[in-house]
Number of protein chains: 2
Amino acid sequence: MDNHLPTLEDVAERAGVSTATVSRSLNAPDRVSAHTRDKVMAAVRELGYAPNFGAQALAAKRTNTFGAIIPTMENAIFARGLQAFQEELSREGITLLVASSSYSPELEEEQMRALVARGADALLLIGHDRTPECYAFLEHRQIPHVVAWTYDKTRARLSIGFDNRKAMKALADRVLDLGHRTIAMISAETAGNDRARERVEGVKDAIEASGLNPAALRLVETPYAIANGASAFEALMQGADRPTAVLCGNDVLAAGALSMARKLGIDVPGDVSITGFDDIEIAEIVTPPLTTVHVPHREMGRGAARLLVALRNGEDPGPSVELEARLEWRETLGVVCG
Amino acid sequence: MDNHLPTLEDVAERAGVSTATVSRSLNAPDRVSAHTRDKVMAAVRELGYAPNFGAQALAAKRTNTFGAIIPTMENAIFARGLQAFQEELSREGITLLVASSSYSPELEEEQMRALVARGADALLLIGHDRTPECYAFLEHRQIPHVVAWTYDKTRARLSIGFDNRKAMKALADRVLDLGHRTIAMISAETAGNDRARERVEGVKDAIEASGLNPAALRLVETPYAIANGASAFEALMQGADRPTAVLCGNDVLAAGALSMARKLGIDVPGDVSITGFDDIEIAEIVTPPLTTVHVPHREMGRGAARLLVALRNGEDPGPSVELEARLEWRETLGVVCG
DNA sequence: TCACGCAATGCAAGCGCTTACATTGCCAGG
DNA sequence: CCTGGCAATGTAAGCGCTTGCATTGCGTGA
């Protein structure tokens, strides 16, 4: 059998109209009389017609596809935000393509090209750090894009997010208030990750503000993974002069730290306090539940979608938007003891 | 400025060859002399040329895009498998498009159409349960597809996965061996989810095999979410005749149950045993670490990719493949205490 | 009754690429 | 020196859709 999928022309013939009319019935129904539209729709149904994506993209010069490049799909940090992003886009009839860069700048550029090659009309990017080539590419191809998950008033690029540094400082202030003086931090790798870097700076800000020497902060950098949080914590607990508080750059590292604490028989927060950042689902489940910073994932996702749609439509998206991240008090942060 | 992106023709002109030669240099380099190829590549670089996706898809009648429809992106059950799927595909120069159905058959059909409309050459599907319309659509459009995350020898459709029923029976056998007689189960919703259903059947199989009445199994069905696991567990603990073991259909529900146990001051596994299924990351992190069934996520993803590529290329993919799921013994399952 | 305007529809030119087929030019064998 | 064969390249016909512009036909006001 000649398994020829029905084309616009087949539909047109069946409905006894021109292809232009069929196209209009589908894409701009009010430009066609009700009677004609009904005939066309009937033909569409009978034939099981579906437009050819390639042809449509080629002719219309837009794909109604947006792309998002996130650092990782593995853990759920971006899941919630992306979900909201997606929901908002689908309201506009836009499909989302997701790619992950595995926290690698080279890979990010590659993914960016791949998404654009696949016809992405606009891009959602995470954080400000990326290669000049990436930005040059965006400029050159005039790709509408917004940066999310961070807000930095010193950057001109359109973005939506919160101030990582400020949020982390607020947490660290609290830690210091509780009397902690020997503080360590387990951070995600800061190279190519402005959010991680800002969080480290936030801690230092707090330390400095309290009159201590920020250089004294014991800092371990390690890739984003539970097991790494665990081994970093273990290393931190090895030496003499143990910290009484370990601030983690994210919940995943904190979860690892927490599990290692349990394995080592270290009581949290009795012997040492541990904090996270992000407030993803595991923060509530670990034992004890993690004190962390709640990040407005959904708002960022939704807001980013709105900015991007405006941009794509040639409208004015307005200025970058700053959201609030607030302390989520649970049970892993206590006063310093003895 | 006339921001005309370079086309094949521009490249051809610059390199002093025809568009056909440029196309060939890009897609079948060995059909072109080295000298010409170099000239072309130079022109491509100078112009920053990138092929137009729509045009390419239209002319070549294939997009090199595969689609995957998973029940949810929210939690990480499918993340690892999808990651492996993706890696294998990218080796073949294929891009992955992911859509989620939120466990809704109607949405699944919609997503399926959306993916195909966007040019997906082939589809990865989870589980066997879906509407007849879905299958009719796949048949009609002749979309290559494979079913993953389950293996059922009674189904003809090409699939890769493990036998959910058998795996759960093995776990339940173990539970019974440890002396548990009052058993409850918290299952994901079984409607439209053959995997969940099979897991319930597996528990019943075990109960029956041990000479007990499977009808006595206390069964709660609830949507996939930690909080639901918690409330289901709470309900189960309310009445008299508490179960001594609560088998959960997946790790997420088990994590919820576990956290509720802690809140209620119920010792696990001292007072009651809890088990999960899937062995996702949280299984290791919760306290105590969850005894569960390890599912070969990565193998399924990789294998599915291989089957699908073969299918798309018109090769023989061979028969469905059955993988093994094995018990992952941790700390939430203990002997029944009198 | 006649023109005029406007809504509905048709016509046909692309959109940028792939690829079957035609052409060219070169080399080896006779 | 001629010719068949083959590798390299060119020519041009679509692929299925959108859309600017042309055409049709109707209702309306003068």
# chains A, B, ... in the order shown; residues from 1 in each chain; ligands from 1

$ closest_atom_pairs --of "chain A" --to "chain D" --cutoff "10 Å" --atoms "only C-alpha atoms (C1' of nucleotides)" --output "Markdown table"
| residue | atom | partner | partner_atom | distance |
| --- | --- | --- | --- | --- |
| A:Thr7 | CA | D:DG16 | C1' | 6.7 |
| A:Leu8 | CA | D:DG16 | C1' | 7.2 |
| A:Glu9 | CA | D:DG16 | C1' | 8.5 |
| A:Thr19 | CA | D:DC17 | C1' | 8.9 |
| A:Ala20 | CA | D:DT18 | C1' | 7.9 |
| A:Ser23 | CA | D:DT18 | C1' | 7.5 |
| A:Arg24 | CA | D:DT18 | C1' | 9.0 |
| A:Asn27 | CA | D:DT18 | C1' | 9.8 |
| A:Pro51 | CA | D:DC17 | C1' | 8.2 |
| A:Asn52 | CA | D:DG16 | C1' | 6.6 |
| A:Phe53 | CA | D:DC17 | C1' | 9.0 |
| A:Gly54 | CA | D:DG16 | C1' | 8.1 |
| A:Ala55 | CA | D:DG16 | C1' | 5.0 |
| A:Gln56 | CA | D:DC17 | C1' | 5.0 |
| A:Ala57 | CA | D:DC17 | C1' | 8.2 |
| A:Leu58 | CA | D:DC17 | C1' | 7.5 |
| A:Ala59 | CA | D:DT18 | C1' | 5.3 |
| A:Ala60 | CA | D:DT18 | C1' | 5.8 |
| A:Lys61 | CA | D:DT18 | C1' | 9.3 |

$ interface_residues --of "chain C" --to "chain A" --cutoff "12 Å" --atoms "only C-alpha atoms (C1' of nucleotides)" --output "PDB file with C-alpha atoms (C1' of nucleotides), in the first residue's frame"
ATOM      1  C1'  DA C   7     -15.457  39.464   3.034  1.00  0.00           C
ATOM      2  C1'  DA C   8     -14.290  34.964   1.286  1.00  0.00           C
ATOM      3  C1'  DT C   9     -11.515  32.409  -1.507  1.00  0.00           C
ATOM      4  C1'  DG C  10      -8.070  31.113  -4.955  1.00  0.00           C
ATOM      5  C1'  DC C  11      -3.489  31.470  -7.178  1.00  0.00           C
ATOM      6  C1'  DA C  12       1.119  30.780  -7.083  1.00  0.00           C
ATOM      7  C1'  DA C  13       5.572  32.050  -5.406  1.00  0.00           C
ATOM      8  C1'  DG C  14       8.528  30.873  -2.479  1.00  0.00           C
ATOM      9  C1'  DC C  15      10.745  28.825   2.290  1.00  0.00           C
ATOM     10  C1'  DG C  16      15.994  26.012   2.285  1.00  0.00           C
ATOM     11  C1'  DC C  17      17.130  21.711   1.675  1.00  0.00           C
TER      12       DC C  17
END

$ closest_atom_pairs --of "chain B" --to "chain A" --cutoff "9 Å" --atoms "only C-alpha atoms" --output "tab-separated table"
residue	atom	partner	partner_atom	distance
B:Asn3	CA	A:Arg141	CA	8.4
B:Leu5	CA	A:Arg141	CA	7.5
B:Ala50	CA	A:Ala117	CA	6.9
B:Pro51	CA	A:Ala117	CA	6.8
B:Asn52	CA	A:Ala117	CA	6.5
B:Phe53	CA	A:Arg118	CA	5.3
B:Gly54	CA	A:Gly54	CA	4.0
B:Ala55	CA	A:Leu58	CA	5.5
B:Gln56	CA	A:Gly54	CA	7.5
B:Ala57	CA	A:Gly54	CA	5.1
B:Leu58	CA	A:Gly54	CA	4.8
B:Ala59	CA	A:Gly54	CA	8.5
B:Lys61	CA	A:Gly54	CA	8.5
B:Thr63	CA	A:Gly54	CA	8.3
B:Met73	CA	A:Ala79	CA	6.7
B:Glu74	CA	A:Ala79	CA	5.7
B:Asn75	CA	A:Ala76	CA	6.8
B:Ala76	CA	A:Asn75	CA	6.8
B:Ala79	CA	A:Glu74	CA	5.7
B:Arg80	CA	A:Glu74	CA	6.6
B:Gln83	CA	A:Glu74	CA	7.7
B:Thr95	CA	A:Ala114	CA	8.5
B:Leu96	CA	A:Ala99	CA	8.7
B:Leu97	CA	A:Leu97	CA	6.3
B:Val98	CA	A:Leu97	CA	7.5
B:Ala99	CA	A:Leu96	CA	8.7
B:Arg113	CA	A:Ala50	CA	8.7
B:Ala114	CA	A:Thr95	CA	8.5
B:Val116	CA	A:Phe53	CA	8.6
B:Ala117	CA	A:Phe53	CA	5.8
B:Arg118	CA	A:Phe53	CA	5.4
B:Gly119	CA	A:Phe53	CA	5.9
B:His140	CA	A:Asn3	CA	8.9
B:Arg141	CA	A:Leu5	CA	7.6
B:Gln142	CA	A:Asn3	CA	8.8
B:Ile226	CA	A:Ile285	CA	8.7
B:Ala255	CA	A:Ile285	CA	7.1
B:Gly256	CA	A:Ile285	CA	7.7
B:Leu258	CA	A:Ile285	CA	8.7
B:Ser259	CA	A:Ile285	CA	6.5
B:Glu281	CA	A:Ile226	CA	8.7
B:Ile282	CA	A:Ile282	CA	7.2
B:Glu284	CA	A:Ser259	CA	8.9
B:Ile285	CA	A:Ser259	CA	6.5
B:Val286	CA	A:Val286	CA	5.4
B:Thr287	CA	A:Thr287	CA	6.0
B:Pro288	CA	A:Thr287	CA	8.8

$ write_last_selection --atoms "N, CA and C atoms" --output "compact mmCIF listing (two decimals), in the first residue's frame"
# COMPACT_ATOMS: atom_id res chain seq x y z
N ASN B 3 19.21 41.01 8.23
CA ASN B 3 19.78 39.91 8.99
C ASN B 3 19.36 38.56 8.46
N LEU B 5 19.98 35.00 7.61
CA LEU B 5 20.89 33.92 7.98
C LEU B 5 21.40 33.27 6.71
N ALA B 50 24.44 27.37 9.46
CA ALA B 50 23.83 26.24 10.15
C ALA B 50 22.59 25.87 9.35
N PRO B 51 22.39 24.59 9.14
CA PRO B 51 21.25 24.18 8.31
C PRO B 51 19.92 24.58 8.94
N ASN B 52 18.97 24.82 8.10
CA ASN B 52 17.63 25.14 8.58
C ASN B 52 16.89 23.83 8.83
N PHE B 53 16.47 23.71 10.08
CA PHE B 53 15.88 22.45 10.48
C PHE B 53 14.64 22.06 9.67
N GLY B 54 13.76 23.02 9.53
CA GLY B 54 12.53 22.74 8.81
C GLY B 54 12.79 22.29 7.39
N ALA B 55 13.66 22.99 6.73
CA ALA B 55 13.95 22.66 5.34
C ALA B 55 14.57 21.27 5.23
N GLN B 56 15.45 21.01 6.17
CA GLN B 56 16.12 19.72 6.15
C GLN B 56 15.12 18.59 6.38
N ALA B 57 14.27 18.79 7.37
CA ALA B 57 13.27 17.77 7.68
C ALA B 57 12.35 17.56 6.49
N LEU B 58 11.97 18.66 5.89
CA LEU B 58 11.03 18.59 4.77
C LEU B 58 11.63 17.82 3.59
N ALA B 59 12.86 18.14 3.29
CA ALA B 59 13.48 17.52 2.13
C ALA B 59 13.91 16.08 2.40
N LYS B 61 12.81 14.07 4.79
CA LYS B 61 11.75 13.25 5.37
C LYS B 61 12.18 12.48 6.61
N THR B 63 13.76 13.53 10.75
CA THR B 63 14.20 14.64 11.59
C THR B 63 15.37 14.26 12.48
N MET B 73 7.97 13.91 35.05
CA MET B 73 9.35 14.40 35.14
C MET B 73 9.65 14.78 36.59
N GLU B 74 8.59 14.96 37.35
CA GLU B 74 8.75 15.53 38.69
C GLU B 74 9.74 14.76 39.53
N ASN B 75 9.48 13.49 39.72
CA ASN B 75 10.42 12.74 40.51
C ASN B 75 11.37 11.98 39.61
N ALA B 76 12.41 11.46 40.20
CA ALA B 76 13.52 11.01 39.38
C ALA B 76 13.46 9.58 38.88
N ALA B 79 14.53 9.54 35.33
CA ALA B 79 15.66 10.38 34.97
C ALA B 79 16.88 9.57 34.53
N ARG B 80 17.25 8.60 35.35
CA ARG B 80 18.45 7.85 35.06
C ARG B 80 18.32 7.08 33.75
N GLN B 83 18.37 9.35 30.81
CA GLN B 83 19.72 9.84 30.60
C GLN B 83 20.50 8.85 29.73
N THR B 95 18.43 13.45 18.35
CA THR B 95 18.03 14.30 19.47
C THR B 95 16.82 13.70 20.16
N LEU B 96 16.74 13.93 21.45
CA LEU B 96 15.61 13.38 22.20
C LEU B 96 14.64 14.48 22.60
N LEU B 97 13.38 14.21 22.40
CA LEU B 97 12.32 15.11 22.85
C LEU B 97 11.55 14.39 23.94
N VAL B 98 11.40 15.03 25.08
CA VAL B 98 10.71 14.36 26.17
C VAL B 98 9.38 15.04 26.46
N ALA B 99 8.37 14.24 26.66
CA ALA B 99 7.08 14.79 27.04
C ALA B 99 6.57 14.00 28.23
N ARG B 113 0.71 12.73 19.83
CA ARG B 113 0.45 13.46 18.60
C ARG B 113 1.38 14.66 18.49
N ALA B 114 1.59 15.30 19.60
CA ALA B 114 2.45 16.48 19.59
C ALA B 114 3.86 16.10 19.16
N VAL B 116 4.86 13.53 17.44
CA VAL B 116 4.90 13.13 16.04
C VAL B 116 4.76 14.37 15.16
N ALA B 117 3.89 15.26 15.57
CA ALA B 117 3.71 16.49 14.81
C ALA B 117 5.02 17.27 14.76
N ARG B 118 5.79 17.18 15.83
CA ARG B 118 7.06 17.88 15.87
C ARG B 118 8.13 17.11 15.14
N GLY B 119 7.74 16.02 14.54
CA GLY B 119 8.68 15.32 13.68
C GLY B 119 9.40 14.14 14.30
N HIS B 140 -1.35 3.44 12.41
CA HIS B 140 -1.74 4.20 11.24
C HIS B 140 -0.58 5.00 10.67
N ARG B 141 0.15 5.65 11.55
CA ARG B 141 1.25 6.48 11.09
C ARG B 141 2.53 5.68 10.93
N GLN B 142 2.46 4.42 11.31
CA GLN B 142 3.62 3.55 11.22
C GLN B 142 4.82 4.11 11.98
N ILE B 226 5.12 11.95 47.59
CA ILE B 226 5.58 11.64 48.93
C ILE B 226 4.49 11.84 49.97
N ALA B 255 9.02 6.53 50.88
CA ALA B 255 9.68 7.63 51.58
C ALA B 255 8.65 8.41 52.40
N GLY B 256 7.48 8.58 51.83
CA GLY B 256 6.41 9.25 52.56
C GLY B 256 6.00 8.44 53.78
N LEU B 258 7.74 6.33 55.40
CA LEU B 258 8.84 6.38 56.36
C LEU B 258 8.82 7.66 57.19
N SER B 259 8.57 8.76 56.50
CA SER B 259 8.60 10.02 57.24
C SER B 259 7.41 10.11 58.19
N GLU B 281 17.37 7.41 43.96
CA GLU B 281 18.34 7.96 44.89
C GLU B 281 17.83 8.12 46.33
N ILE B 282 16.60 8.59 46.48
CA ILE B 282 16.13 8.83 47.84
C ILE B 282 16.12 7.56 48.68
N GLU B 284 18.36 5.57 49.28
CA GLU B 284 19.59 5.48 50.06
C GLU B 284 19.69 6.53 51.14
N ILE B 285 18.96 7.60 50.92
CA ILE B 285 19.13 8.76 51.79
C ILE B 285 18.20 8.76 52.98
N VAL B 286 17.02 8.20 52.79
CA VAL B 286 16.07 8.24 53.89
C VAL B 286 16.61 7.48 55.08
N THR B 287 16.00 7.71 56.21
CA THR B 287 16.46 7.09 57.43
C THR B 287 15.37 6.20 57.99
N PRO B 288 15.61 4.93 58.22
CA PRO B 288 16.82 4.24 57.75
C PRO B 288 16.74 3.99 56.25

$ closest_residue --among "A:Pro296, A:Pro223, A:Gly179, A:Gly161" --to "Pro243 in chain A" --atoms "only C-alpha atoms"
A:Gly179

$ select_by_dssp --residues "range 150-267 of chain B" --states "strand (DSSP E)" --output "PyMOL selection string"
chain B and resi 159-162+183-187+218-221+245-248

$ select_by_dssp --residues "range 223-308 of chain A" --states "helix (DSSP H, G or I)" --output "number ranges by chain"
A: 226-238, 251-264, 282-285, 297-308

$ write_last_selection --atoms "N, CA and C atoms" --output "CSV table (one decimal), in the first residue's frame"
chain,number,residue,atom,x,y,z
A,226,ILE,N,25.2,13.5,45.7
A,226,ILE,CA,25.0,13.1,47.1
A,226,ILE,C,26.3,12.6,47.7
A,227,ALA,N,26.9,11.6,46.9
A,227,ALA,CA,28.1,10.9,47.4
A,227,ALA,C,29.2,11.9,47.7
A,228,ASN,N,29.3,13.0,46.8
A,228,ASN,CA,30.3,14.0,47.0
A,228,ASN,C,30.1,14.8,48.3
A,229,GLY,N,28.8,15.0,48.6
A,229,GLY,CA,28.5,15.8,49.8
A,229,GLY,C,29.0,15.0,51.0
A,230,ALA,N,28.7,13.7,50.9
A,230,ALA,CA,29.1,12.8,52.0
A,230,ALA,C,30.6,12.8,52.2
A,231,SER,N,31.4,12.6,51.1
A,231,SER,CA,32.8,12.5,51.4
A,231,SER,C,33.4,13.9,51.7
A,232,ALA,N,32.9,14.9,51.2
A,232,ALA,CA,33.3,16.2,51.7
A,232,ALA,C,33.1,16.4,53.1
A,233,PHE,N,32.0,16.0,53.6
A,233,PHE,CA,31.7,16.2,55.0
A,233,PHE,C,32.6,15.3,55.9
A,234,GLU,N,32.9,14.1,55.4
A,234,GLU,CA,33.8,13.2,56.1
A,234,GLU,C,35.2,13.9,56.2
A,235,ALA,N,35.6,14.4,55.1
A,235,ALA,CA,36.9,15.1,55.2
A,235,ALA,C,37.0,16.2,56.2
A,236,LEU,N,35.9,17.0,56.2
A,236,LEU,CA,35.8,18.2,57.1
A,236,LEU,C,35.8,17.7,58.5
A,237,MET,N,35.3,16.6,58.8
A,237,MET,CA,35.2,16.1,60.2
A,237,MET,C,36.4,15.4,60.7
A,238,GLN,N,37.3,15.2,59.8
A,238,GLN,CA,38.5,14.4,60.1
A,238,GLN,C,39.5,15.2,61.0
A,251,ASP,N,21.0,21.5,48.4
A,251,ASP,CA,20.4,20.4,49.2
A,251,ASP,C,21.0,19.0,49.0
A,252,VAL,N,21.4,18.8,47.8
A,252,VAL,CA,21.9,17.5,47.4
A,252,VAL,C,23.2,17.3,48.2
A,253,LEU,N,24.1,18.2,48.2
A,253,LEU,CA,25.3,18.1,49.0
A,253,LEU,C,25.0,17.9,50.5
A,254,ALA,N,24.0,18.7,50.9
A,254,ALA,CA,23.6,18.7,52.3
A,254,ALA,C,23.1,17.3,52.7
A,255,ALA,N,22.3,16.7,51.8
A,255,ALA,CA,21.8,15.4,52.0
A,255,ALA,C,22.9,14.4,52.2
A,256,GLY,N,23.9,14.5,51.3
A,256,GLY,CA,25.1,13.7,51.5
A,256,GLY,C,25.8,13.9,52.8
A,257,ALA,N,26.0,15.1,53.2
A,257,ALA,CA,26.6,15.4,54.4
A,257,ALA,C,25.8,14.8,55.6
A,258,LEU,N,24.5,14.9,55.5
A,258,LEU,CA,23.7,14.4,56.6
A,258,LEU,C,23.8,12.9,56.7
A,259,SER,N,23.8,12.2,55.6
A,259,SER,CA,23.9,10.8,55.7
A,259,SER,C,25.3,10.3,56.2
A,260,MET,N,26.3,11.1,55.9
A,260,MET,CA,27.6,10.8,56.4
A,260,MET,C,27.7,11.0,57.9
A,261,ALA,N,27.0,12.1,58.3
A,261,ALA,CA,27.0,12.4,59.7
A,261,ALA,C,26.4,11.2,60.5
A,262,ARG,N,25.3,10.7,60.0
A,262,ARG,CA,24.7,9.6,60.6
A,262,ARG,C,25.6,8.4,60.7
A,263,LYS,N,26.3,8.2,59.6
A,263,LYS,CA,27.2,7.0,59.5
A,263,LYS,C,28.3,7.2,60.5
A,264,LEU,N,28.8,8.4,60.7
A,264,LEU,CA,29.9,8.7,61.6
A,264,LEU,C,29.4,8.8,63.1
A,282,ILE,N,13.9,16.4,48.6
A,282,ILE,CA,14.6,15.6,49.6
A,282,ILE,C,14.9,16.4,50.9
A,283,ALA,N,14.8,17.7,50.8
A,283,ALA,CA,15.1,18.5,52.0
A,283,ALA,C,14.1,18.1,53.1
A,284,GLU,N,12.9,17.8,52.8
A,284,GLU,CA,11.9,17.5,53.7
A,284,GLU,C,12.0,16.1,54.2
A,285,ILE,N,12.6,15.2,53.4
A,285,ILE,CA,12.5,13.8,53.7
A,285,ILE,C,13.7,13.3,54.6
A,297,HIS,N,11.0,28.3,42.8
A,297,HIS,CA,11.2,27.6,41.5
A,297,HIS,C,10.0,27.9,40.5
A,298,ARG,N,8.8,27.7,41.0
A,298,ARG,CA,7.7,27.8,40.1
A,298,ARG,C,7.5,29.2,39.6
A,299,GLU,N,7.7,30.2,40.5
A,299,GLU,CA,7.6,31.6,40.0
A,299,GLU,C,8.6,31.9,39.0
A,300,MET,N,9.8,31.4,39.2
A,300,MET,CA,10.8,31.7,38.2
A,300,MET,C,10.5,31.0,36.8
A,301,GLY,N,10.0,29.8,36.9
A,301,GLY,CA,9.6,29.2,35.6
A,301,GLY,C,8.5,29.9,34.9
A,302,ARG,N,7.5,30.2,35.7
A,302,ARG,CA,6.3,30.9,35.0
A,302,ARG,C,6.8,32.3,34.5
A,303,GLY,N,7.5,33.0,35.3
A,303,GLY,CA,7.9,34.3,34.9
A,303,GLY,C,8.8,34.3,33.7
A,304,ALA,N,9.7,33.3,33.7
A,304,ALA,CA,10.6,33.2,32.6
A,304,ALA,C,9.8,33.0,31.3
A,305,ALA,N,8.8,32.2,31.4
A,305,ALA,CA,8.0,31.9,30.2
A,305,ALA,C,7.4,33.1,29.7
A,306,ARG,N,6.8,33.9,30.6
A,306,ARG,CA,6.2,35.1,30.2
A,306,ARG,C,7.1,36.1,29.5
A,307,LEU,N,8.3,36.3,30.1
A,307,LEU,CA,9.3,37.2,29.5
A,307,LEU,C,9.6,36.7,28.1
A,308,LEU,N,9.8,35.4,28.0
A,308,LEU,CA,10.3,34.9,26.7
A,308,LEU,C,9.3,35.0,25.6

$ atom_distance --atom1 "CA of Arg199 in chain B" --atom2 "CA of Ala184 in chain B"
13.0 Å

$ residues_around --residues "Lys169 in chain B" --least-positions-apart "3" --cutoff "9 Å" --atoms "only C-alpha atoms (C1' of nucleotides)" --output "MDAnalysis selection string"
chainID B and resid 164:166 172:174 199:207

$ write_last_selection --atoms "N, CA and C atoms" --output "PDB file, in the first residue's frame"
ATOM      1  N   ASN B 164       7.563  -6.960  36.469  1.00  0.00           N
ATOM      2  CA  ASN B 164       7.203  -6.286  37.717  1.00  0.00           C
ATOM      3  C   ASN B 164       6.573  -7.247  38.724  1.00  0.00           C
ATOM      4  N   ARG B 165       5.748  -8.117  38.208  1.00  0.00           N
ATOM      5  CA  ARG B 165       5.027  -9.038  39.088  1.00  0.00           C
ATOM      6  C   ARG B 165       5.983 -10.001  39.779  1.00  0.00           C
ATOM      7  N   LYS B 166       6.867 -10.555  38.973  1.00  0.00           N
ATOM      8  CA  LYS B 166       7.834 -11.511  39.507  1.00  0.00           C
ATOM      9  C   LYS B 166       8.739 -10.836  40.540  1.00  0.00           C
ATOM     10  N   ALA B 172       8.030  -9.868  48.268  1.00  0.00           N
ATOM     11  CA  ALA B 172       6.974 -10.254  49.206  1.00  0.00           C
ATOM     12  C   ALA B 172       7.261 -11.624  49.824  1.00  0.00           C
ATOM     13  N   ASP B 173       7.840 -12.505  49.025  1.00  0.00           N
ATOM     14  CA  ASP B 173       8.235 -13.822  49.562  1.00  0.00           C
ATOM     15  C   ASP B 173       9.161 -13.625  50.751  1.00  0.00           C
ATOM     16  N   ARG B 174      10.079 -12.735  50.568  1.00  0.00           N
ATOM     17  CA  ARG B 174      11.055 -12.463  51.603  1.00  0.00           C
ATOM     18  C   ARG B 174      10.382 -11.926  52.855  1.00  0.00           C
ATOM     19  N   ARG B 199       2.623  -5.088  40.184  1.00  0.00           N
ATOM     20  CA  ARG B 199       3.286  -5.148  41.492  1.00  0.00           C
ATOM     21  C   ARG B 199       2.304  -5.599  42.558  1.00  0.00           C
ATOM     22  N   VAL B 200       1.083  -5.111  42.472  1.00  0.00           N
ATOM     23  CA  VAL B 200       0.062  -5.563  43.419  1.00  0.00           C
ATOM     24  C   VAL B 200      -0.155  -7.057  43.252  1.00  0.00           C
ATOM     25  N   GLU B 201      -0.255  -7.494  42.026  1.00  0.00           N
ATOM     26  CA  GLU B 201      -0.459  -8.917  41.759  1.00  0.00           C
ATOM     27  C   GLU B 201       0.684  -9.754  42.316  1.00  0.00           C
ATOM     28  N   GLY B 202       1.875  -9.206  42.210  1.00  0.00           N
ATOM     29  CA  GLY B 202       3.043  -9.921  42.719  1.00  0.00           C
ATOM     30  C   GLY B 202       2.936 -10.179  44.203  1.00  0.00           C
ATOM     31  N   VAL B 203       2.454  -9.179  44.925  1.00  0.00           N
ATOM     32  CA  VAL B 203       2.284  -9.350  46.372  1.00  0.00           C
ATOM     33  C   VAL B 203       1.233 -10.421  46.633  1.00  0.00           C
ATOM     34  N   LYS B 204       0.158 -10.350  45.898  1.00  0.00           N
ATOM     35  CA  LYS B 204      -0.905 -11.343  46.091  1.00  0.00           C
ATOM     36  C   LYS B 204      -0.409 -12.756  45.767  1.00  0.00           C
ATOM     37  N   ASP B 205       0.387 -12.844  44.718  1.00  0.00           N
ATOM     38  CA  ASP B 205       0.954 -14.143  44.361  1.00  0.00           C
ATOM     39  C   ASP B 205       1.703 -14.742  45.546  1.00  0.00           C
ATOM     40  N   ALA B 206       2.512 -13.901  46.152  1.00  0.00           N
ATOM     41  CA  ALA B 206       3.344 -14.379  47.258  1.00  0.00           C
ATOM     42  C   ALA B 206       2.474 -14.823  48.431  1.00  0.00           C
ATOM     43  N   ILE B 207       1.464 -14.015  48.719  1.00  0.00           N
ATOM     44  CA  ILE B 207       0.591 -14.337  49.843  1.00  0.00           C
ATOM     45  C   ILE B 207      -0.102 -15.671  49.592  1.00  0.00           C
TER      46      ILE B 207
END

$ atom_distance --atom1 "CA of Ile274 in chain A" --atom2 "CA of Arg197 in chain A"
19.0 Å

$ atom_distance --atom1 "CA of Glu92 in chain A" --atom2 "CA of Phe66 in chain A"
11.1 Å
